[in-house]
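Okay, upload_23.csv is below, CSV, C-alpha atoms:
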chain,number,residue,atom,x,y,z
D,1,MET,CA,-221.6,73.6,-31.3
D,2,ALA,CA,-222.5,73.4,-27.7
D,3,ILE,CA,-224.0,70.0,-26.8
D,4,LYS,CA,-226.9,69.9,-24.3
D,5,ALA,CA,-228.4,66.5,-25.1
D,6,ILE,CA,-227.2,63.0,-26.2
D,7,CYS,CA,-229.2,60.0,-27.2
D,8,ARG,CA,-228.1,56.8,-25.4
D,9,GLU,CA,-229.4,54.6,-28.2
D,10,CYS,CA,-228.1,56.2,-31.4
D,11,LEU,CA,-225.6,58.7,-30.0
D,12,TRP,CA,-227.3,61.6,-31.6
D,13,SER,CA,-226.2,64.9,-30.0
D,14,GLY,CA,-227.6,68.4,-30.2
D,15,PRO,CA,-227.6,71.9,-28.8
D,16,ASP,CA,-231.0,71.8,-27.2
D,17,ARG,CA,-232.3,70.0,-24.2
D,18,VAL,CA,-234.9,67.5,-25.4
D,19,GLN,CA,-236.9,64.6,-23.9
D,20,ARG,CA,-237.0,62.4,-27.0
D,21,CYS,CA,-234.3,61.8,-29.6
D,22,PRO,CA,-235.2,63.6,-32.9
D,23,ARG,CA,-233.4,60.9,-34.8
D,24,CYS,CA,-234.6,57.6,-33.3
D,25,ALA,CA,-237.4,58.7,-31.1
D,26,SER,CA,-235.9,57.1,-28.0
D,27,ARG,CA,-236.6,58.6,-24.6
D,28,ARG,CA,-233.2,57.4,-23.4
D,29,VAL,CA,-231.7,60.9,-23.8
D,30,VAL,CA,-229.3,62.6,-21.4
D,31,SER,CA,-230.0,66.3,-21.2
D,32,HIS,CA,-228.2,68.9,-19.1
D,33,ALA,CA,-227.2,72.5,-19.5
D,34,GLU,CA,-223.6,71.7,-18.7
D,35,LEU,CA,-223.4,68.4,-20.5
D,36,ASP,CA,-220.4,69.3,-22.7
D,37,SER,CA,-218.4,71.0,-20.0
D,38,LEU,CA,-218.1,68.2,-17.3
D,39,HIS,CA,-215.3,65.7,-17.4
D,40,ILE,CA,-215.1,63.8,-14.0
D,41,ALA,CA,-217.0,60.5,-14.1
D,42,HIS,CA,-217.7,57.5,-11.8
D,43,LEU,CA,-218.4,54.2,-13.5
D,44,ASP,CA,-220.0,51.4,-11.4
D,45,CYS,CA,-220.8,47.9,-12.7
D,46,ASP,CA,-224.4,47.0,-11.8
D,47,ALA,CA,-224.5,44.2,-9.2
D,48,PHE,CA,-221.3,43.0,-10.8
D,49,TYR,CA,-220.7,39.4,-9.5
D,50,ALA,CA,-224.4,38.5,-9.7
D,51,SER,CA,-224.8,40.0,-13.1
D,52,VAL,CA,-221.9,37.9,-14.4
D,53,GLU,CA,-223.5,34.8,-13.0
D,54,LYS,CA,-226.9,35.7,-14.5
D,55,ARG,CA,-225.4,36.4,-17.9
D,56,ASP,CA,-223.7,33.0,-17.9
D,57,ARG,CA,-226.8,31.2,-16.6
D,58,PRO,CA,-229.8,32.7,-18.4
D,59,GLU,CA,-232.2,30.5,-16.5
D,60,LEU,CA,-231.4,32.7,-13.4
D,61,ARG,CA,-232.4,36.0,-15.2
D,62,ASP,CA,-235.7,36.6,-13.2
D,63,LEU,CA,-234.6,34.9,-10.0
D,64,PRO,CA,-233.1,36.4,-6.8
D,65,VAL,CA,-229.4,35.6,-6.9
D,66,ILE,CA,-226.9,36.0,-4.0
D,67,VAL,CA,-223.2,35.6,-4.5
D,68,GLY,CA,-221.5,34.9,-1.2
D,69,GLY,CA,-220.2,32.4,1.3
D,70,GLY,CA,-221.8,29.6,3.2
D,71,HIS,CA,-224.4,29.9,6.0
D,72,ARG,CA,-221.9,31.6,8.3
D,73,GLY,CA,-220.5,33.8,5.5
D,74,VAL,CA,-221.6,37.1,4.1
D,75,VAL,CA,-223.2,38.5,0.9
D,76,SER,CA,-220.6,39.6,-1.6
D,77,THR,CA,-223.3,40.9,-4.1
D,78,ALA,CA,-227.0,40.6,-4.4
D,79,CYS,CA,-228.8,41.0,-7.7
D,80,TYR,CA,-231.5,43.7,-8.0
D,81,VAL,CA,-234.3,41.1,-7.6
D,82,ALA,CA,-232.8,40.0,-4.3
D,83,ARG,CA,-232.4,43.6,-3.2
D,84,LEU,CA,-236.1,44.0,-3.4
D,85,TYR,CA,-236.3,41.6,-0.4
D,86,GLY,CA,-233.8,43.7,1.6
D,87,VAL,CA,-230.7,41.7,0.8
D,88,GLY,CA,-227.5,43.8,0.6
D,89,SER,CA,-223.7,43.5,0.4
D,90,ALA,CA,-221.9,42.5,3.6
D,91,MET,CA,-225.1,41.2,5.1
D,92,PRO,CA,-224.7,37.9,7.1
D,93,MET,CA,-225.8,35.1,4.9
D,94,PHE,CA,-228.3,33.7,7.4
D,95,LYS,CA,-230.0,37.1,7.5
D,96,ALA,CA,-230.1,37.3,3.7
D,97,LEU,CA,-231.7,33.9,3.4
D,98,LYS,CA,-234.2,34.7,6.1
D,99,ALA,CA,-235.2,37.8,4.1
D,100,CYS,CA,-235.2,35.9,0.8
D,101,PRO,CA,-235.4,32.2,1.4
D,102,ASP,CA,-235.9,31.3,-2.3
D,103,ALA,CA,-232.7,33.0,-3.4
D,104,VAL,CA,-230.2,31.1,-5.5
D,105,VAL,CA,-226.8,31.3,-3.6
D,106,ILE,CA,-223.7,31.0,-5.8
D,107,LYS,CA,-220.1,30.7,-4.5
D,108,PRO,CA,-217.9,33.5,-5.8
D,109,ASP,CA,-215.7,32.8,-8.8
D,110,PHE,CA,-213.1,35.6,-8.6
D,111,ARG,CA,-211.1,34.4,-11.5
D,112,LYS,CA,-214.1,34.9,-13.7
D,113,TYR,CA,-214.9,38.3,-12.2
D,114,VAL,CA,-211.3,39.5,-12.6
D,115,ALA,CA,-211.4,38.5,-16.2
D,116,GLU,CA,-214.6,40.5,-16.9
D,117,SER,CA,-213.2,43.5,-14.9
D,118,GLU,CA,-210.1,43.5,-17.1
D,119,ARG,CA,-212.3,43.5,-20.2
D,120,ILE,CA,-214.4,46.4,-19.0
D,121,PHE,CA,-211.6,48.6,-17.7
D,122,GLY,CA,-209.4,47.8,-20.7
D,123,ALA,CA,-212.0,49.6,-22.7
D,124,VAL,CA,-212.1,52.5,-20.2
D,125,GLU,CA,-208.4,53.0,-20.3
D,126,LYS,CA,-208.5,53.4,-24.1
D,127,LEU,CA,-210.3,56.7,-23.4
D,128,THR,CA,-208.0,58.2,-20.8
D,129,PRO,CA,-204.9,57.3,-18.7
D,130,LEU,CA,-206.6,59.0,-15.7
D,131,VAL,CA,-208.5,56.1,-14.3
D,132,GLN,CA,-208.5,55.5,-10.5
D,133,THR,CA,-209.9,52.0,-9.9
D,134,LEU,CA,-211.6,51.5,-6.6
D,135,SER,CA,-212.4,47.7,-6.9
D,136,LEU,CA,-213.1,45.2,-9.5
D,137,ASP,CA,-216.3,46.9,-10.5
D,138,GLU,CA,-215.9,50.7,-10.1
D,139,ALA,CA,-213.6,53.5,-10.9
D,140,TRP,CA,-213.3,57.3,-11.3
D,141,LEU,CA,-212.3,58.8,-14.7
D,142,ASP,CA,-211.0,62.2,-15.7
D,143,LEU,CA,-211.6,62.8,-19.4
D,144,ALA,CA,-210.4,66.4,-19.6
D,145,GLY,CA,-208.6,67.2,-22.9
D,146,THR,CA,-209.7,64.0,-24.6
D,147,GLU,CA,-212.3,65.5,-27.0
D,148,ARG,CA,-210.2,65.7,-30.1
D,149,LEU,CA,-208.5,62.3,-29.5
D,150,ASN,CA,-211.8,60.4,-28.9
D,151,GLY,CA,-214.1,62.3,-31.2
D,152,GLY,CA,-216.5,63.9,-28.8
D,153,CYS,CA,-217.1,65.6,-25.5
D,154,PRO,CA,-216.6,63.4,-22.3
D,155,ALA,CA,-220.4,62.8,-22.0
D,156,TRP,CA,-220.6,61.5,-25.5
D,157,GLN,CA,-217.5,59.3,-25.0
D,158,LEU,CA,-219.0,57.8,-21.8
D,159,ILE,CA,-222.4,57.1,-23.4
D,160,ARG,CA,-220.6,55.4,-26.3
D,161,LEU,CA,-218.5,53.4,-23.8
D,162,GLN,CA,-221.5,52.4,-21.7
D,163,LYS,CA,-223.2,51.0,-24.9
D,164,GLN,CA,-219.9,49.3,-26.0
D,165,ILE,CA,-219.5,47.5,-22.6
D,166,GLU,CA,-223.1,46.2,-22.7
D,167,ASP,CA,-222.8,45.0,-26.4
D,168,GLU,CA,-219.4,43.3,-25.9
D,169,THR,CA,-219.8,41.8,-22.4
D,170,GLY,CA,-223.5,41.5,-21.8
D,171,LEU,CA,-223.0,43.4,-18.6
D,172,THR,CA,-224.4,46.8,-17.7
D,173,VAL,CA,-222.8,49.8,-16.0
D,174,SER,CA,-224.1,53.0,-14.4
D,175,ILE,CA,-222.2,56.2,-14.9
D,176,GLY,CA,-222.2,59.5,-13.1
D,177,LEU,CA,-220.8,62.7,-14.7
D,178,ALA,CA,-220.1,65.8,-12.6
D,179,THR,CA,-217.6,68.5,-11.5
D,180,ASN,CA,-215.7,66.4,-9.0
D,181,ARG,CA,-215.2,62.8,-7.7
D,182,PHE,CA,-217.8,63.1,-4.8
D,183,LEU,CA,-220.6,64.3,-7.0
D,184,ALA,CA,-219.7,61.9,-9.8
D,185,LYS,CA,-220.2,58.9,-7.4
D,186,ILE,CA,-223.4,60.4,-6.1
D,187,ALA,CA,-224.6,60.7,-9.7
D,188,SER,CA,-223.8,57.1,-10.6
D,189,GLU,CA,-226.1,55.9,-7.9
D,190,LEU,CA,-229.1,58.0,-8.9
D,191,ASP,CA,-230.5,55.8,-11.7
D,192,LYS,CA,-229.2,52.3,-11.3
D,193,PRO,CA,-229.1,49.9,-13.0
D,194,ARG,CA,-228.0,50.9,-16.5
D,195,GLY,CA,-228.2,54.6,-15.6
D,196,PHE,CA,-226.4,57.8,-16.7
D,197,SER,CA,-226.9,60.8,-14.5
D,198,VAL,CA,-225.3,64.3,-14.5
D,199,ILE,CA,-224.8,66.8,-11.6
D,200,GLY,CA,-223.6,70.3,-12.3
D,201,THR,CA,-224.0,73.6,-10.6
D,202,GLU,CA,-227.3,72.4,-9.1
D,203,ALA,CA,-225.4,70.1,-6.8
D,204,LYS,CA,-226.0,72.0,-3.5
D,205,ALA,CA,-229.8,72.2,-4.0
D,206,LEU,CA,-229.9,68.5,-5.1
D,207,LEU,CA,-227.9,67.4,-2.0
D,208,ALA,CA,-229.7,69.6,0.5
D,209,PRO,CA,-232.7,67.3,1.3
D,210,ARG,CA,-230.7,64.1,1.3
D,211,PRO,CA,-229.7,62.4,4.6
D,212,VAL,CA,-226.2,62.9,5.9
D,213,GLY,CA,-225.5,59.2,5.5
D,214,ILE,CA,-224.9,59.7,1.7
D,215,LEU,CA,-221.7,61.6,2.5
D,216,PRO,CA,-218.4,59.6,2.3
D,217,GLY,CA,-217.0,59.2,5.7
D,218,VAL,CA,-220.4,59.1,7.4
D,219,GLY,CA,-221.1,55.6,8.7
D,220,PRO,CA,-223.9,54.4,10.9
D,221,VAL,CA,-222.2,55.5,14.2
D,222,PHE,CA,-221.2,59.0,12.9
D,223,ARG,CA,-224.6,59.5,11.3
D,224,LYS,CA,-226.3,59.0,14.7
D,225,THR,CA,-223.9,61.5,16.2
D,226,LEU,CA,-224.7,64.1,13.5
D,227,GLN,CA,-228.4,63.6,13.8
D,228,SER,CA,-228.3,64.0,17.6
D,229,ASP,CA,-226.3,67.2,17.0
D,230,GLY,CA,-229.1,68.5,14.8
D,231,PHE,CA,-227.6,67.7,11.4
D,232,ALA,CA,-230.1,65.2,9.8
D,233,THR,CA,-229.7,66.4,6.2
D,234,VAL,CA,-226.9,67.6,4.0
D,235,GLY,CA,-228.6,70.9,3.9
D,236,ASP,CA,-228.3,71.2,7.6
D,237,LEU,CA,-224.6,70.8,7.3
D,238,ALA,CA,-224.4,73.3,4.4
D,239,ALA,CA,-226.2,75.9,6.6
D,240,ALA,CA,-223.9,75.5,9.5
D,241,ASP,CA,-220.9,77.7,10.2
D,242,PRO,CA,-217.8,75.8,9.1
D,243,ARG,CA,-216.0,77.0,12.2
D,244,ASP,CA,-218.7,75.3,14.4
D,245,LEU,CA,-218.3,72.1,12.4
D,246,ILE,CA,-214.5,72.2,12.9
D,247,LYS,CA,-214.9,72.9,16.6
D,248,ARG,CA,-217.3,69.9,16.9
D,249,TYR,CA,-215.6,67.3,14.6
D,250,GLY,CA,-212.1,68.6,13.8
D,251,GLU,CA,-210.8,68.2,10.3
D,252,THR,CA,-213.8,66.0,9.5
D,253,GLY,CA,-216.0,69.0,10.1
D,254,LEU,CA,-214.3,71.1,7.4
D,255,ARG,CA,-214.7,68.2,4.9
D,256,LEU,CA,-218.3,67.8,5.8
D,257,SER,CA,-218.9,71.5,5.1
D,258,ASP,CA,-217.1,71.2,1.7
D,259,LEU,CA,-219.1,68.1,0.7
D,260,ALA,CA,-222.4,69.6,1.8
D,261,HIS,CA,-221.7,72.5,-0.6
D,262,GLY,CA,-220.8,70.0,-3.4
D,263,ARG,CA,-217.0,70.7,-3.2
D,264,ASP,CA,-214.3,68.1,-3.5
D,265,ALA,CA,-210.8,69.0,-4.5
D,266,ARG,CA,-209.4,65.5,-4.9
D,267,ALA,CA,-208.0,64.7,-8.3
D,268,VAL,CA,-208.5,61.4,-10.1
D,269,ASN,CA,-205.2,59.7,-9.3
D,270,PRO,CA,-204.3,56.5,-11.3
D,271,ASP,CA,-201.4,55.9,-8.9
D,272,ARG,CA,-203.9,54.9,-6.3
D,273,GLU,CA,-205.2,52.1,-8.5
D,274,ARG,CA,-204.8,49.2,-6.1
D,275,LYS,CA,-207.2,46.4,-5.5
D,276,GLY,CA,-205.4,45.1,-2.5
D,277,MET,CA,-202.2,45.0,-0.4
D,278,SER,CA,-200.8,42.3,1.9
D,279,ALA,CA,-197.9,41.1,4.0
D,280,GLU,CA,-196.7,37.5,4.5
D,281,THR,CA,-193.8,35.5,6.0
D,282,THR,CA,-192.4,32.0,5.5
D,283,PHE,CA,-191.4,30.2,8.7
D,284,ASN,CA,-188.0,28.6,9.4
D,285,ALA,CA,-189.9,25.6,10.7
D,286,ASP,CA,-193.4,24.4,10.2
D,287,LEU,CA,-195.9,25.7,12.8
D,288,THR,CA,-199.2,24.1,14.0
D,289,SER,CA,-200.3,25.7,17.2
D,290,ALA,CA,-202.6,28.7,17.4
D,291,GLY,CA,-200.1,30.5,19.7
D,292,ASP,CA,-197.2,30.1,17.3
D,293,LEU,CA,-199.2,31.1,14.3
D,294,GLU,CA,-200.6,34.2,16.1
D,295,ALA,CA,-197.1,35.2,17.1
D,296,GLU,CA,-196.2,35.3,13.4
D,297,LEU,CA,-199.5,37.0,12.4
D,298,TRP,CA,-199.3,40.0,14.7
D,299,PRO,CA,-196.2,41.7,13.3
D,300,LEU,CA,-197.6,41.2,9.8
D,301,CYS,CA,-200.8,43.0,10.9
D,302,GLU,CA,-198.7,45.8,12.4
D,303,LYS,CA,-196.7,46.1,9.2
D,304,LEU,CA,-199.8,46.1,6.9
D,305,ALA,CA,-201.8,48.5,9.1
D,306,SER,CA,-198.9,50.9,9.2
D,307,LYS,CA,-198.5,50.9,5.5
D,308,ALA,CA,-202.3,51.4,5.0
D,309,ARG,CA,-202.3,54.4,7.3
D,310,ARG,CA,-199.2,55.8,5.5
D,311,ASP,CA,-200.8,55.3,2.1
D,312,GLY,CA,-204.1,56.7,3.4
D,313,VAL,CA,-206.2,53.6,2.5
D,314,ALA,CA,-208.6,51.3,4.4
D,315,SER,CA,-210.5,48.1,3.6
D,316,ARG,CA,-213.4,46.1,4.9
D,317,VAL,CA,-212.4,43.0,2.9
D,318,LEU,CA,-209.7,41.1,4.8
D,319,VAL,CA,-207.9,38.0,3.5
D,320,LEU,CA,-205.9,35.3,5.4
D,321,LYS,CA,-203.4,33.2,3.5
D,322,LEU,CA,-201.9,29.9,4.7
D,323,ARG,CA,-199.5,27.6,2.9
D,324,ARG,CA,-199.4,24.0,4.0
D,325,THR,CA,-196.4,21.8,4.0
D,326,ASP,CA,-197.5,20.2,0.7
D,327,PHE,CA,-197.5,23.8,-0.7
D,328,LYS,CA,-201.2,23.9,-1.1
D,329,ILE,CA,-202.4,27.5,-0.5
D,330,ILE,CA,-205.5,28.2,1.6
D,331,THR,CA,-207.2,31.6,1.5
D,332,ARG,CA,-210.2,32.7,3.6
D,333,ARG,CA,-212.0,36.1,3.3
D,334,ILE,CA,-214.2,38.1,5.5
D,335,SER,CA,-216.1,41.3,4.9
D,336,LEU,CA,-216.4,43.7,7.8
D,337,PRO,CA,-219.3,46.2,8.3
D,338,GLU,CA,-216.9,49.1,7.9
D,339,PRO,CA,-213.4,49.7,6.5
D,340,VAL,CA,-210.5,49.4,8.9
D,341,GLN,CA,-206.8,50.3,9.0
D,342,THR,CA,-205.5,49.1,12.4
D,343,ALA,CA,-203.4,46.1,13.3
D,344,ARG,CA,-205.9,45.2,16.0
D,345,ALA,CA,-208.8,44.9,13.5
D,346,LEU,CA,-206.6,42.9,11.1
D,347,PHE,CA,-205.4,40.6,13.8
D,348,ALA,CA,-208.9,39.9,15.1
D,349,ALA,CA,-210.1,39.1,11.6
D,350,GLY,CA,-207.1,36.9,10.9
D,351,ARG,CA,-207.5,35.0,14.1
D,352,ARG,CA,-211.2,34.4,13.3
D,353,LEU,CA,-210.4,33.2,9.8
D,354,MET,CA,-207.6,31.0,11.1
D,355,GLY,CA,-209.7,29.0,13.5
D,356,PRO,CA,-211.2,26.4,11.2
D,357,GLU,CA,-207.8,25.7,9.7
D,358,LEU,CA,-205.9,24.8,12.9
D,359,GLY,CA,-204.5,21.4,13.6
D,360,ILE,CA,-202.2,20.8,10.7
D,361,PRO,CA,-198.7,22.3,10.1
D,362,TYR,CA,-198.1,25.4,7.9
D,363,ARG,CA,-195.0,26.9,6.3
D,364,LEU,CA,-196.4,30.4,5.5
D,365,ILE,CA,-199.0,32.9,6.8
D,366,GLY,CA,-200.2,36.1,5.3
D,367,ILE,CA,-202.8,38.8,5.9
D,368,GLY,CA,-204.2,41.0,3.2
D,369,MET,CA,-206.6,43.9,2.6
D,370,GLY,CA,-208.7,43.5,-0.5
D,371,GLU,CA,-210.5,46.2,-2.5
D,372,VAL,CA,-208.8,49.1,-0.6
D,373,ILE,CA,-210.4,52.6,-0.7
D,374,ASP,CA,-209.1,56.0,0.2
D,375,ALA,CA,-209.4,56.3,4.0
D,376,VAL,CA,-211.1,59.7,3.4
D,377,ASP,CA,-214.0,57.7,1.8
D,378,ALA,CA,-214.2,55.3,4.7
D,379,PRO,CA,-217.0,55.9,7.3
D,380,ALA,CA,-215.8,58.1,10.1
D,381,LEU,CA,-215.4,56.0,13.3
D,382,PHE,CA,-216.5,58.1,16.2
D,383,GLN,CA,-216.3,56.6,19.7
D,384,THR,CA,-215.8,53.1,18.5
D,385,THR,CA,-213.1,50.5,19.3
D,386,GLU,CA,-211.6,51.0,15.8
D,387,SER,CA,-211.4,54.8,16.2
D,388,ARG,CA,-209.8,54.6,19.6
D,389,THR,CA,-207.3,52.0,18.4
D,390,LEU,CA,-206.6,54.1,15.3
D,391,LYS,CA,-205.6,57.1,17.5
D,392,THR,CA,-203.3,54.8,19.5
D,393,GLU,CA,-201.6,53.2,16.5
D,394,THR,CA,-201.2,56.5,14.7
D,395,ALA,CA,-199.4,57.8,17.8
D,396,ILE,CA,-197.2,54.8,17.7
D,397,ASP,CA,-196.4,55.4,14.0
D,398,ALA,CA,-195.3,58.9,14.9
D,399,LEU,CA,-193.1,57.7,17.8
D,400,ARG,CA,-191.5,55.0,15.6
D,401,ALA,CA,-190.9,57.5,12.8
D,402,ARG,CA,-189.1,59.8,15.2
D,403,PHE,CA,-187.2,57.4,17.4
D,404,GLY,CA,-186.9,54.2,15.3
D,405,ALA,CA,-188.9,51.0,14.8
D,406,GLY,CA,-188.0,49.5,18.1
D,407,ALA,CA,-189.0,52.6,20.1
D,408,VAL,CA,-192.5,51.3,20.9
D,409,VAL,CA,-193.4,47.6,21.2
D,410,ALA,CA,-197.2,47.1,21.2
D,411,GLY,CA,-198.3,44.9,24.1
D,412,ARG,CA,-200.4,41.8,23.7
D,413,ALA,CA,-203.4,43.7,25.0
D,414,LEU,CA,-203.6,45.6,21.7
D,415,LYS,CA,-204.4,42.4,19.9
D,416,GLY,CA,-207.4,41.7,22.0
Can you give me the file's structure in the form of structure tokens?
Amino acid sequence: MAIKAICRECLWSGPDRVQRCPRCASRRVVSHAELDSLHIAHLDCDAFYASVEKRDRPELRDLPVIVGGGHRGVVSTACYVARLYGVGSAMPMFKALKACPDAVVIKPDFRKYVAESERIFGAVEKLTPLVQTLSLDEAWLDLAGTERLNGGCPAWQLIRLQKQIEDETGLTVSIGLATNRFLAKIASELDKPRGFSVIGTEAKALLAPRPVGILPGVGPVFRKTLQSDGFATVGDLAAADPRDLIKRYGETGLRLSDLAHGRDARAVNPDRERKGMSAETTFNADLTSAGDLEAELWPLCEKLASKARRDGVASRVLVLKLRRTDFKIITRRISLPEPVQTARALFAAGRRLMGPELGIPYRLIGIGMGEVIDAVDAPALFQTTESRTLKTETAIDALRARFGAGAVVAGRALKG
């Protein structure tokens, strides 16, 4: 029997598209003509860090909650109440508190968030081994061929999973189901929080009126470039000749054309399940001065950035690690406006994070990239310092690969 509708309350399923469940009368019904044929999904925990805090402190349920650093830090997560005031992730804390002065600010407790993430994705991985985790709170899934094993089509499995997660953890997730990774992620954002949305062959028409900024790889700078070139909506890109887009934007132009038509050939790759990557070194003698510590930090940034480019990943969450002579470990994090993958950006962030910790001796330093993403999903950086540096460092990668690691030694100017 073909399945066109599933009730999110009682899990009833049927062959006809309906607005209300014939079994329990609930209106929480997912209906779509292709419901039983789609198998690529994106799962996103709703305002994850803030939701964990609200669950554990019920008195905060109706209050605006911000999880983040001090006055000079940034917002890690804002609950949906705080978002009504214009508070968003990566916003400087002083701006967030100006927008929402009555917000309850909570320092992140990553041990708690990691534990909850493991509970949620432990349940996910029981359905399929094809899970590509993007961060602690989101992942892509491919449920092709799991119908007999799990007792229903992918849509039914996902609706059951969504209900199970909420019942067992007290947290909600939003799920998008579609023909590919790009559309699945778009779908998961259509009905947050606690949503379940489906995109099928109607993708091109659904995308057409939306702004180009919804496309992965289109950040604020590139969006302005596209708009000035006459491409304000996804439909404008879809109507353009791909050859013209390639002429204007290179390989990015071809990808823009594909995305505008709802095409994305990337497979769900569990081997890319990586929440972070890092490089560190222990000193032969304890170091105290900024100059000495920076001299050790720079080659680590080069090593990490080169690996990130080789693996095709980027991150906007950068972490500095220092170990004191008494073996106490100090870690400091920063969230950048856009993902990076250059040594220059890593070094600048590491130097900034190191500033407050100077003046005492250390025995180890490390730099890390947290919550890495596919570089193809990172905002395209056109005519920015990061984009220019990326071209330079990519060229250095090629020279070193051909002539050896010592063929090119980056000057101190690169670290600026």
Could you list, as an MDAnalysis selection string, every residue within 8 Å of Asp286 of chain D, counting all atoms listed in the file and ignoring same-chain residues fewer than 6 positions away? chainID D and resid 325 361:363
May I ask which of the residues D:Asp102, D:Thr172, D:Glu189, D:Leu63 is the closest one to His42 of chain D, counting all atoms listed in the file? D:Glu189
State, in Å with one decimal place, the distance from atom CA of Cys21 of chain D to atom CA of Lys4 of chain D.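 We find that atom CA of Cys21 of chain D and atom CA of Lys4 of chain D lie 12.2 Å from each other.
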Between D:Ala41, D:Leu134, D:Ala239, D:Ala47, which residue has the minimum interatomic distance to Arg194 of chain D, considering all atoms listed in the file?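 Answer, going by the shortest atom-to-atom distance: D:Ala47.
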Could you give me, as a list in words, the residues within 7 Å of Ile40 of chain D, counting all atoms listed in the file and dropping anything in the same chain fewer than 4 positions from it?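 Once the adjacent positions are removed, what remains is Leu141, Asp142, Leu143, Leu177, Ala178, Thr179, Asn180, Arg181 and Ala184 of chain D.
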Within 12 Å of segment 22-28 of chain D, which residues of segment 168-208 of chain D come that close, and what is the closest atom pair and distance in Å for each? Count all atoms listed in the file and give it as CSV.
residue,atom,partner,partner_atom,distance
D:Arg194,CA,D:Arg28,CA,10.8
D:Gly195,CA,D:Arg28,CA,9.7
D:Phe196,CA,D:Arg28,CA,9.6
D:Ser197,CA,D:Arg28,CA,11.4
